[in-house]
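Engineer: Structure file entry25.cif, mmCIF, C-alpha atoms and all ligand atoms, is pasted below:
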```
data_model
loop_
_atom_site.label_atom_id
_atom_site.label_comp_id
_atom_site.auth_asym_id
_atom_site.auth_seq_id
_atom_site.Cartn_x
_atom_site.Cartn_y
_atom_site.Cartn_z
CA MET A 1115 27.89 61.49 48.42
CA GLU A 1116 29.11 60.71 44.89
CA ALA A 1117 27.82 63.11 42.21
CA ARG A 1118 25.17 61.65 39.94
CA ARG A 1119 26.73 59.14 37.56
CA LYS A 1120 27.12 60.30 33.99
CA ILE A 1121 25.51 57.77 31.71
CA ILE A 1122 24.39 57.18 28.16
CA LEU A 1123 21.30 54.96 28.05
CA ASP A 1124 21.24 52.88 24.85
CA CYS A 1125 17.79 51.33 24.54
CA ASP A 1126 14.97 49.89 22.41
CA PRO A 1127 11.77 50.92 24.21
CA GLY A 1128 10.08 48.52 24.92
CA HIS A 1129 8.03 48.49 28.13
CA ASP A 1130 10.87 47.66 30.48
CA ASP A 1131 13.16 50.11 28.65
CA ALA A 1132 10.62 52.84 29.42
CA PHE A 1133 11.02 52.05 33.14
CA ALA A 1134 14.80 52.18 32.68
CA ILE A 1135 14.43 55.67 31.17
CA ILE A 1136 12.21 56.84 34.05
CA LEU A 1137 14.63 55.60 36.73
CA ALA A 1138 17.72 56.86 34.93
CA ALA A 1139 16.33 60.33 34.21
CA SER A 1140 15.23 60.66 37.83
CA HIS A 1141 18.44 59.56 39.57
CA LEU A 1142 21.40 59.72 37.17
CA ASP A 1143 23.03 62.33 34.94
CA VAL A 1144 21.74 61.12 31.56
CA LEU A 1145 23.92 62.73 28.88
CA GLY A 1146 21.80 61.24 26.14
CA VAL A 1147 19.42 58.44 25.23
CA THR A 1148 20.49 56.48 22.16
CA THR A 1149 18.23 54.04 20.37
CA ILE A 1150 18.76 50.73 18.63
CA GLY A 1151 16.48 48.49 16.56
CA GLY A 1152 15.50 45.59 18.81
CA ASN A 1153 12.11 45.17 20.42
CA CYS A 1154 10.71 47.07 17.44
CA CYS A 1155 12.04 48.89 14.38
CA LEU A 1156 14.36 51.85 14.92
CA GLY A 1157 11.73 54.45 13.98
CA ASN A 1158 9.30 53.21 16.59
CA VAL A 1159 11.76 52.72 19.44
CA THR A 1160 13.08 56.24 18.84
CA LYS A 1161 9.53 57.64 18.98
CA ASN A 1162 8.91 55.64 22.13
CA ALA A 1163 12.00 57.08 23.81
CA LEU A 1164 10.87 60.61 22.94
CA LYS A 1165 7.34 59.94 24.21
CA THR A 1166 8.63 58.55 27.50
CA LEU A 1167 10.83 61.60 28.07
CA GLU A 1168 7.87 63.86 27.28
CA VAL A 1169 5.66 62.09 29.85
CA ILE A 1170 8.25 62.75 32.55
CA ASP A 1171 8.99 66.32 31.39
CA ARG A 1172 12.61 65.53 30.57
CA THR A 1173 12.83 66.72 26.99
CA ASP A 1174 16.11 68.36 27.98
CA ILE A 1175 17.69 64.88 27.54
CA PRO A 1176 18.69 64.54 23.87
CA VAL A 1177 17.75 61.41 21.90
CA TYR A 1178 19.96 60.01 19.14
CA ALA A 1179 18.86 57.27 16.73
CA GLY A 1180 21.40 54.53 16.11
CA HIS A 1181 21.58 51.38 14.03
CA SER A 1182 18.44 49.87 12.60
CA ARG A 1183 19.75 46.31 12.41
CA PRO A 1184 22.39 43.98 13.86
CA MET A 1185 25.97 43.74 12.58
CA VAL A 1186 25.55 40.41 10.81
CA ALA A 1187 22.17 38.82 11.49
CA GLU A 1188 18.74 39.97 10.37
CA LEU A 1189 16.78 42.00 12.94
CA VAL A 1190 14.47 39.99 15.18
CA THR A 1191 11.78 41.98 17.01
CA ALA A 1192 9.46 41.13 19.91
CA PRO A 1193 5.88 42.28 19.09
CA GLN A 1194 4.47 39.38 21.11
CA PHE A 1195 5.71 41.18 24.24
CA HIS A 1196 5.74 44.87 23.29
CA GLY A 1197 2.99 45.12 20.65
CA GLU A 1198 3.18 46.50 17.12
CA SER A 1199 4.35 49.95 18.22
CA GLY A 1200 6.97 48.55 20.60
CA LEU A 1201 5.18 50.35 23.43
CA ASP A 1202 1.54 49.31 23.18
CA GLY A 1203 -0.82 50.05 26.06
CA PRO A 1204 -0.57 53.74 26.94
CA VAL A 1205 -2.51 55.97 24.55
CA LEU A 1206 -0.19 58.86 23.79
CA PRO A 1207 -0.05 61.42 20.99
CA ASP A 1208 2.92 61.38 18.62
CA PRO A 1209 5.96 63.04 20.20
CA VAL A 1210 6.30 66.78 19.71
CA THR A 1211 10.08 66.52 20.12
CA ALA A 1212 12.46 65.02 17.55
CA PRO A 1213 15.70 63.08 17.70
CA GLN A 1214 18.99 64.90 17.17
CA LYS A 1215 20.56 64.87 13.71
CA GLU A 1216 23.77 63.21 14.91
CA HIS A 1217 23.96 59.39 14.73
CA ALA A 1218 23.95 57.60 18.08
CA VAL A 1219 27.36 56.03 17.45
CA ASP A 1220 28.93 59.43 16.73
CA PHE A 1221 27.35 60.79 19.90
CA ILE A 1222 28.68 57.89 22.00
CA VAL A 1223 32.21 58.20 20.58
CA GLU A 1224 32.38 61.98 20.94
CA THR A 1225 30.88 62.00 24.43
CA VAL A 1226 33.17 59.30 25.78
CA LYS A 1227 36.17 61.13 24.29
CA SER A 1228 35.23 64.49 25.76
CA VAL A 1229 33.64 63.62 29.12
CA ASP A 1230 35.54 61.71 31.81
CA GLY A 1231 34.08 58.64 33.48
CA VAL A 1232 31.02 57.97 31.32
CA THR A 1233 29.09 54.76 32.04
CA LEU A 1234 27.26 53.11 29.15
CA VAL A 1235 23.93 51.48 29.99
CA PRO A 1236 22.74 49.31 27.10
CA THR A 1237 19.30 47.76 27.49
CA GLY A 1238 18.87 46.50 23.94
CA PRO A 1239 21.03 44.65 21.39
CA LEU A 1240 24.65 45.79 21.67
CA THR A 1241 25.07 46.97 18.05
CA ASN A 1242 25.60 50.68 18.77
CA ILE A 1243 28.11 49.99 21.54
CA ALA A 1244 30.11 47.54 19.41
CA ALA A 1245 30.05 49.99 16.50
CA ALA A 1246 31.39 52.76 18.75
CA LEU A 1247 34.20 50.47 19.97
CA ASN A 1248 35.02 49.49 16.38
CA ARG A 1249 34.98 53.09 15.21
CA ALA A 1250 37.26 54.35 17.99
CA PRO A 1251 38.88 51.44 19.88
CA GLU A 1252 40.72 53.94 22.11
CA ILE A 1253 37.46 54.85 23.88
CA ALA A 1254 37.54 51.47 25.66
CA GLY A 1255 40.03 52.87 28.15
CA ARG A 1256 37.85 55.91 28.85
CA ILE A 1257 34.52 54.19 29.52
CA ARG A 1258 33.99 53.87 33.26
CA GLU A 1259 31.96 50.69 32.81
CA ILE A 1260 29.23 49.10 30.74
CA CYS A 1261 26.22 48.21 32.90
CA LEU A 1262 24.00 46.19 30.60
CA MET A 1263 20.80 44.20 30.57
CA GLY A 1264 21.37 41.06 28.56
CA GLY A 1265 22.55 37.49 28.69
CA SER A 1266 22.15 35.07 31.53
CA VAL A 1267 24.22 33.11 33.99
CA THR A 1268 21.67 30.29 33.68
CA PHE A 1269 18.73 29.93 31.25
CA GLY A 1270 17.82 31.98 28.21
CA ASN A 1271 14.46 33.54 27.41
CA TRP A 1272 14.53 33.60 23.61
CA THR A 1273 16.11 30.20 23.13
CA PRO A 1274 16.91 27.75 25.92
CA ALA A 1275 20.45 29.15 25.91
CA ALA A 1276 20.14 32.77 24.79
CA GLU A 1277 18.55 35.92 26.14
CA PHE A 1278 16.86 38.26 23.58
CA ASN A 1279 19.29 41.21 23.52
CA ILE A 1280 22.34 39.00 23.02
CA PHE A 1281 20.51 36.66 20.64
CA VAL A 1282 19.58 39.56 18.34
CA ASP A 1283 23.20 40.64 17.81
CA PRO A 1284 25.67 38.07 19.16
CA GLU A 1285 28.58 39.47 17.13
CA ALA A 1286 28.11 42.87 18.74
CA ALA A 1287 27.81 41.29 22.17
CA TYR A 1288 31.03 39.33 21.60
CA ARG A 1289 32.81 42.59 20.72
CA VAL A 1290 31.54 44.27 23.88
CA PHE A 1291 32.31 41.42 26.29
CA ASN A 1292 35.81 41.13 24.83
CA SER A 1293 36.52 44.88 24.81
CA GLY A 1294 38.37 45.09 28.11
CA VAL A 1295 35.80 47.55 29.48
CA PRO A 1296 34.55 46.50 32.96
CA ILE A 1297 31.07 45.03 32.59
CA LYS A 1298 28.12 44.68 34.92
CA MET A 1299 25.69 42.13 33.51
CA SER A 1300 22.05 42.03 34.61
CA GLY A 1301 21.06 38.82 32.87
CA VAL A 1302 17.67 37.23 32.71
CA ASN A 1303 18.62 34.97 35.64
CA LEU A 1304 18.49 38.20 37.70
CA THR A 1305 15.75 40.12 35.96
CA ARG A 1306 13.24 37.28 36.31
CA GLN A 1307 13.39 38.16 40.02
CA CYS A 1308 12.07 41.61 39.12
CA ALA A 1309 8.53 40.31 38.73
CA VAL A 1310 5.79 42.93 39.01
CA SER A 1311 2.49 41.22 39.80
CA ARG A 1312 -1.11 42.46 39.49
CA GLU A 1313 -1.06 43.40 43.21
CA ARG A 1314 1.98 45.61 42.65
CA VAL A 1315 0.31 47.28 39.67
CA ASP A 1316 -2.74 48.02 41.83
CA GLU A 1317 -0.39 49.62 44.37
CA ILE A 1318 1.15 51.84 41.66
CA ALA A 1319 -2.36 52.78 40.45
CA LYS A 1320 -2.90 54.61 43.76
CA ILE A 1321 -0.07 57.08 42.99
CA PRO A 1322 -1.64 60.29 41.66
CA THR A 1323 0.98 61.26 39.08
CA ARG A 1324 0.88 61.24 35.26
CA THR A 1325 3.99 59.06 35.23
CA ALA A 1326 2.37 56.50 37.53
CA LYS A 1327 -0.64 56.37 35.17
CA PHE A 1328 1.78 55.81 32.27
CA ALA A 1329 3.49 53.06 34.30
CA VAL A 1330 0.17 51.35 35.03
CA ASP A 1331 -0.84 51.43 31.35
CA LEU A 1332 2.53 49.96 30.41
CA LEU A 1333 2.33 47.28 33.08
CA ASN A 1334 -1.24 46.26 32.27
CA PHE A 1335 -0.24 45.60 28.67
CA PHE A 1336 3.05 43.92 29.60
CA LEU A 1337 1.39 41.71 32.22
CA GLY A 1338 -1.01 40.49 29.54
CA THR A 1339 1.62 39.71 26.91
CA SER A 1340 3.98 38.13 29.45
CA LYS A 1341 1.17 35.73 30.34
CA GLU A 1342 0.06 35.08 26.76
CA ALA A 1343 3.47 34.79 25.14
CA ALA A 1344 5.49 33.19 27.93
CA SER A 1345 3.03 31.97 30.60
CA LEU A 1346 4.62 34.35 33.10
CA PRO A 1347 2.52 35.37 36.11
CA ALA A 1348 4.18 38.80 36.35
CA ALA A 1349 5.84 41.48 34.22
CA ASN A 1350 9.63 41.36 34.35
CA LEU A 1351 11.18 44.83 34.33
CA HIS A 1352 14.46 43.51 32.94
CA ASP A 1353 16.00 46.78 31.82
CA ALA A 1354 15.11 48.70 34.96
CA CYS A 1355 17.39 46.33 36.91
CA ALA A 1356 20.52 47.51 35.10
CA VAL A 1357 19.71 51.12 35.97
CA ALA A 1358 18.72 50.28 39.55
CA TRP A 1359 22.14 48.66 40.02
CA LEU A 1360 23.78 52.04 39.41
CA ILE A 1361 21.32 53.95 41.59
CA ARG A 1362 21.26 51.55 44.57
CA PRO A 1363 24.14 49.06 44.22
CA GLU A 1364 23.08 47.34 47.44
CA LEU A 1365 19.96 45.99 45.69
CA ILE A 1366 22.07 43.56 43.66
CA THR A 1367 24.32 40.72 44.76
CA ALA A 1368 26.85 39.90 42.06
CA ALA A 1369 29.92 37.76 41.45
CA PRO A 1370 32.96 38.36 39.25
CA MET A 1371 33.45 35.94 36.38
CA HIS A 1372 34.69 35.66 32.83
CA ILE A 1373 31.88 35.96 30.30
CA THR A 1374 32.00 35.55 26.54
CA VAL A 1375 29.41 34.95 23.84
CA GLU A 1376 28.79 31.83 21.78
CA LEU A 1377 28.63 32.69 18.07
CA LYS A 1378 28.59 29.32 16.36
CA GLY A 1379 26.55 26.82 18.35
CA GLU A 1380 23.68 25.14 16.55
CA PHE A 1381 21.59 25.38 19.71
CA THR A 1382 23.55 27.93 21.69
CA ARG A 1383 24.20 30.93 19.40
CA GLY A 1384 23.86 34.07 21.51
CA MET A 1385 24.46 32.30 24.82
CA THR A 1386 26.56 34.16 27.36
CA VAL A 1387 29.09 31.57 28.52
CA CYS A 1388 29.59 32.50 32.16
CA ASP A 1389 32.58 31.01 33.95
CA TYR A 1390 30.86 30.86 37.31
CA ARG A 1391 33.45 28.48 38.74
CA HIS A 1392 36.46 30.32 37.28
CA LEU A 1393 37.49 27.26 35.26
CA ARG A 1394 39.07 29.45 32.60
CA CYS A 1395 40.83 31.73 35.05
CA GLU A 1396 44.26 31.46 36.51
CA THR A 1397 43.94 30.56 40.14
CA PRO A 1398 46.87 31.75 42.23
CA GLY A 1399 48.89 28.77 43.41
CA THR A 1400 47.63 26.20 40.87
CA ASP A 1401 49.92 24.62 38.33
CA VAL A 1402 48.08 25.26 35.09
CA THR A 1403 50.25 22.75 33.24
CA GLU A 1404 48.55 20.01 35.25
CA SER A 1405 45.06 21.27 34.68
CA PRO A 1406 42.77 19.32 32.35
CA THR A 1407 41.30 22.67 31.25
CA MET A 1408 44.75 24.15 30.67
CA GLY A 1409 43.90 25.19 27.13
CA PHE A 1410 41.28 27.58 28.47
CA ARG A 1411 43.27 29.06 31.30
CA GLY A 1412 44.60 32.55 31.58
CA GLU A 1413 41.34 34.48 31.44
CA ARG A 1414 40.53 37.02 34.12
CA PRO A 1415 37.00 37.90 35.19
CA ASN A 1416 35.80 40.61 32.80
CA ALA A 1417 32.38 41.06 34.35
CA GLU A 1418 30.31 41.25 37.49
CA ALA A 1419 27.29 39.05 36.92
CA ALA A 1420 24.18 39.91 38.91
CA LEU A 1421 22.80 36.95 40.83
CA ARG A 1422 20.26 38.19 43.38
CA LEU A 1423 17.89 41.16 43.47
CA ASP A 1424 16.38 42.73 46.55
CA PHE A 1425 12.96 42.99 44.87
CA PRO A 1426 11.14 44.77 47.74
CA GLY A 1427 13.97 47.31 47.75
CA PHE A 1428 13.64 47.71 43.98
CA MET A 1429 9.88 48.31 44.31
CA ASP A 1430 10.47 50.94 47.01
CA LEU A 1431 12.82 52.76 44.62
CA LEU A 1432 10.34 52.52 41.74
CA ILE A 1433 7.33 53.63 43.76
CA GLN A 1434 9.16 56.61 45.27
CA THR A 1435 10.38 57.58 41.80
CA LEU A 1436 6.86 57.43 40.35
CA ARG A 1437 5.63 59.60 43.24
CA ASP A 1438 8.34 62.19 42.60
CA CYS A 1439 7.77 62.38 38.82
CA PRO A 1440 5.21 64.75 37.28
C1 LIG B 1 15.27 42.09 27.06
O1 LIG B 1 14.63 41.88 25.81
C2 LIG B 1 13.75 42.94 25.54
O2 LIG B 1 12.54 42.45 25.01
C3 LIG B 1 13.57 43.70 26.81
O3 LIG B 1 13.35 45.07 26.56
C4 LIG B 1 14.86 43.46 27.54
O4 LIG B 1 15.83 44.40 27.18
C5 LIG B 1 14.91 40.97 28.00
O5 LIG B 1 15.38 39.76 27.49
CA CA B 2 15.25 46.47 26.04
#
```
Render the structure in this file as structure tokens.
Ligand code: BDR
Ligand code: CA

Structural biologist:
Amino acid sequence: MEARRKIILDCDPGHDDAFAIILAASHLDVLGVTTIGGNCCLGNVTKNALKTLEVIDRTDIPVYAGHSRPMVAELVTAPQFHGESGLDGPVLPDPVTAPQKEHAVDFIVETVKSVDGVTLVPTGPLTNIAAALNRAPEIAGRIREICLMGGSVTFGNWTPAAEFNIFVDPEAAYRVFNSGVPIKMSGVNLTRQCAVSRERVDEIAKIPTRTAKFAVDLLNFFLGTSKEAASLPAANLHDACAVAWLIRPELITAAPMHITVELKGEFTRGMTVCDYRHLRCETPGTDVTESPTMGFRGERPNAEAALRLDFPGFMDLLIQTLRDCP
């Protein structure tokens, strides 16, 4: 069996980010949790990461605060889904632990340089990851892969075209998708399949652990806001999908394709443009000079885009994890 994957989880907790932290800390070798302003301001998401690690007794995992705002745009947050604190629902005391002094970007750069085969798992806007690649472009060749939650092969969730994480910092996302690092993309087309209903929450409520209680409090709040803000009948654990892909790859069916990010469109800024049909790629045996899309040819797939989730399998993983946590 392969040793636990070494990852850095870059997140903006966020209800679904909290589930990503729980799964990652339980099944992967988390070298650090880095935070990014997104669902809420940087101060709150950093506190929320610390609180989540305290609930699961994993304060051995260091937390590093990163950028408070996107590279170019103003920060957009999502209180309509995550509440004013970014993690409304569970009633928890302030964290007793504190973030490290080092900036998240410094931590990412230094860790990737010194540890072989690190996977980056961003579940918020991609600002920290792009900043690390800009600071030290040579790390691109050392990152095993970037397994992110963001974007979509089909519809958006923040605008008709764009998913929230990419919409918040499209310039950073463009940098990451065009970095040459292999990418696994769990877009909203996939994560909408990770729909935790009231019945599932009642099932989790039967698990007698502190972490399961925390999960239920998170889900009760998130179910409510998902219904009020987006008329959704269930809570989508978007970010947990990216982590589950690394833990149990068989839960996800994916396809290789070229993906880039729209930066200019009046209606499509922040859209992940997914070349599902390989129209921009060179197809062996075709004469590109005769192709009507010749001007776009020559791209190779830079990503695996997740298409289908084995949701019952995902729930089995989550439920077992919540049973095994404190
Ligand atoms: C993404 O946006 C955030 O609100 C969630 O935490 C998730 O990362 C879903 O579009
Ligand atoms: Ca998130």

Engineer: Could you list, as a list in words, every residue within 7 Å of A:Ala1134, counting only C-alpha atoms and ignoring same-chain residues fewer than 6 positions away?

Structural biologist: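 After dropping sequence-adjacent residues, the list is Asp1353, Ala1354 and Val1357 of chain A.
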
Engineer: Each residue of stretch 1326-1401 of chain A lying at most 12 Å from stretch 1156-1173 of chain A should get a row with its shortest atom-to-atom pair and the distance in Å to one decimal, counting all atoms listed in the file; could you produce that, ordered by chain and increasing number, as a tab-separated table?

Structural biologist:
```
residue	atom	partner	partner_atom	distance
A:Ala1326	CA	A:Ile1170	CA	9.9
A:Lys1327	CA	A:Val1169	CA	10.0
A:Phe1328	CA	A:Val1169	CA	7.8
A:Ala1329	CA	A:Thr1166	CA	10.1
A:Leu1332	CA	A:Thr1166	CA	10.9
```

Engineer: Near A:Phe1278, within 12 Å and counting only C-alpha atoms, which residues show up once chain neighbours fewer than 2 positions away are dropped, as a VMD selection string?

Structural biologist: chain A and resid 1126 1152 to 1153 1189 to 1192 1195 1237 to 1240 1263 to 1266 1269 to 1276 1280 to 1284 1287 1301 to 1302 1352 to 1353 1383 to 1386

Engineer: Smallest atom-to-atom distance to A:Ala1246: which of A:Ser1140, A:Gln1214, A:Ser1293, A:Thr1305, using only C-alpha atoms?

Structural biologist: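 Going through A:Ser1140, A:Gln1214, A:Ser1293, A:Thr1305 one by one, the smallest distance to A:Ala1246 is for A:Ser1293.
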
Engineer: Find the residue from A:Ala1348, A:Leu1247, A:Ala1356, A:Val1226 that sits nearest to ligand CA 2 (chain B); use only C-alpha atoms and all ligand atoms when measuring.

Structural biologist: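 Of A:Ala1348, A:Leu1247, A:Ala1356, A:Val1226, the one nearest ligand CA 2 (chain B), counting only C-alpha atoms and all ligand atoms, is A:Ala1356.
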
Engineer: Kindly provide, as AutoDock Vina command-line options, the centre and edge lengths (Å, one decimal) of an axis-aligned box around all atoms of ligand LIG 1 (chain B) given in the file, with 8 Å on each side.

Structural biologist:
```
--center_x 14.2 --center_y 42.4 --center_z 26.5 --size_x 19.3 --size_y 21.3 --size_z 19.0
```

Engineer: Measuring between only C-alpha atoms, which one of A:Ala1358, A:Val1290, A:Leu1423, A:Val1315 shows the shortest distance to A:Ile1373?

Structural biologist: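 So, comparing all the options, the nearest one is A:Val1290.
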
Engineer: Closest to ligand LIG 1 (chain B) among A:Glu1198, A:Glu1216, A:Glu1259, A:Glu1277, using all atoms listed in the file?

Structural biologist: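 Residue with the minimum atom-to-atom distance to ligand LIG 1 (chain B): A:Glu1277.
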
Engineer: Using atom CA of A:Thr1241 and atom CA of A:Leu1123 as the two end points, give the distance in Å to one decimal.

Structural biologist: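 Computed distance, atom CA of A:Thr1241 to atom CA of A:Leu1123, equals 13.3 Å.
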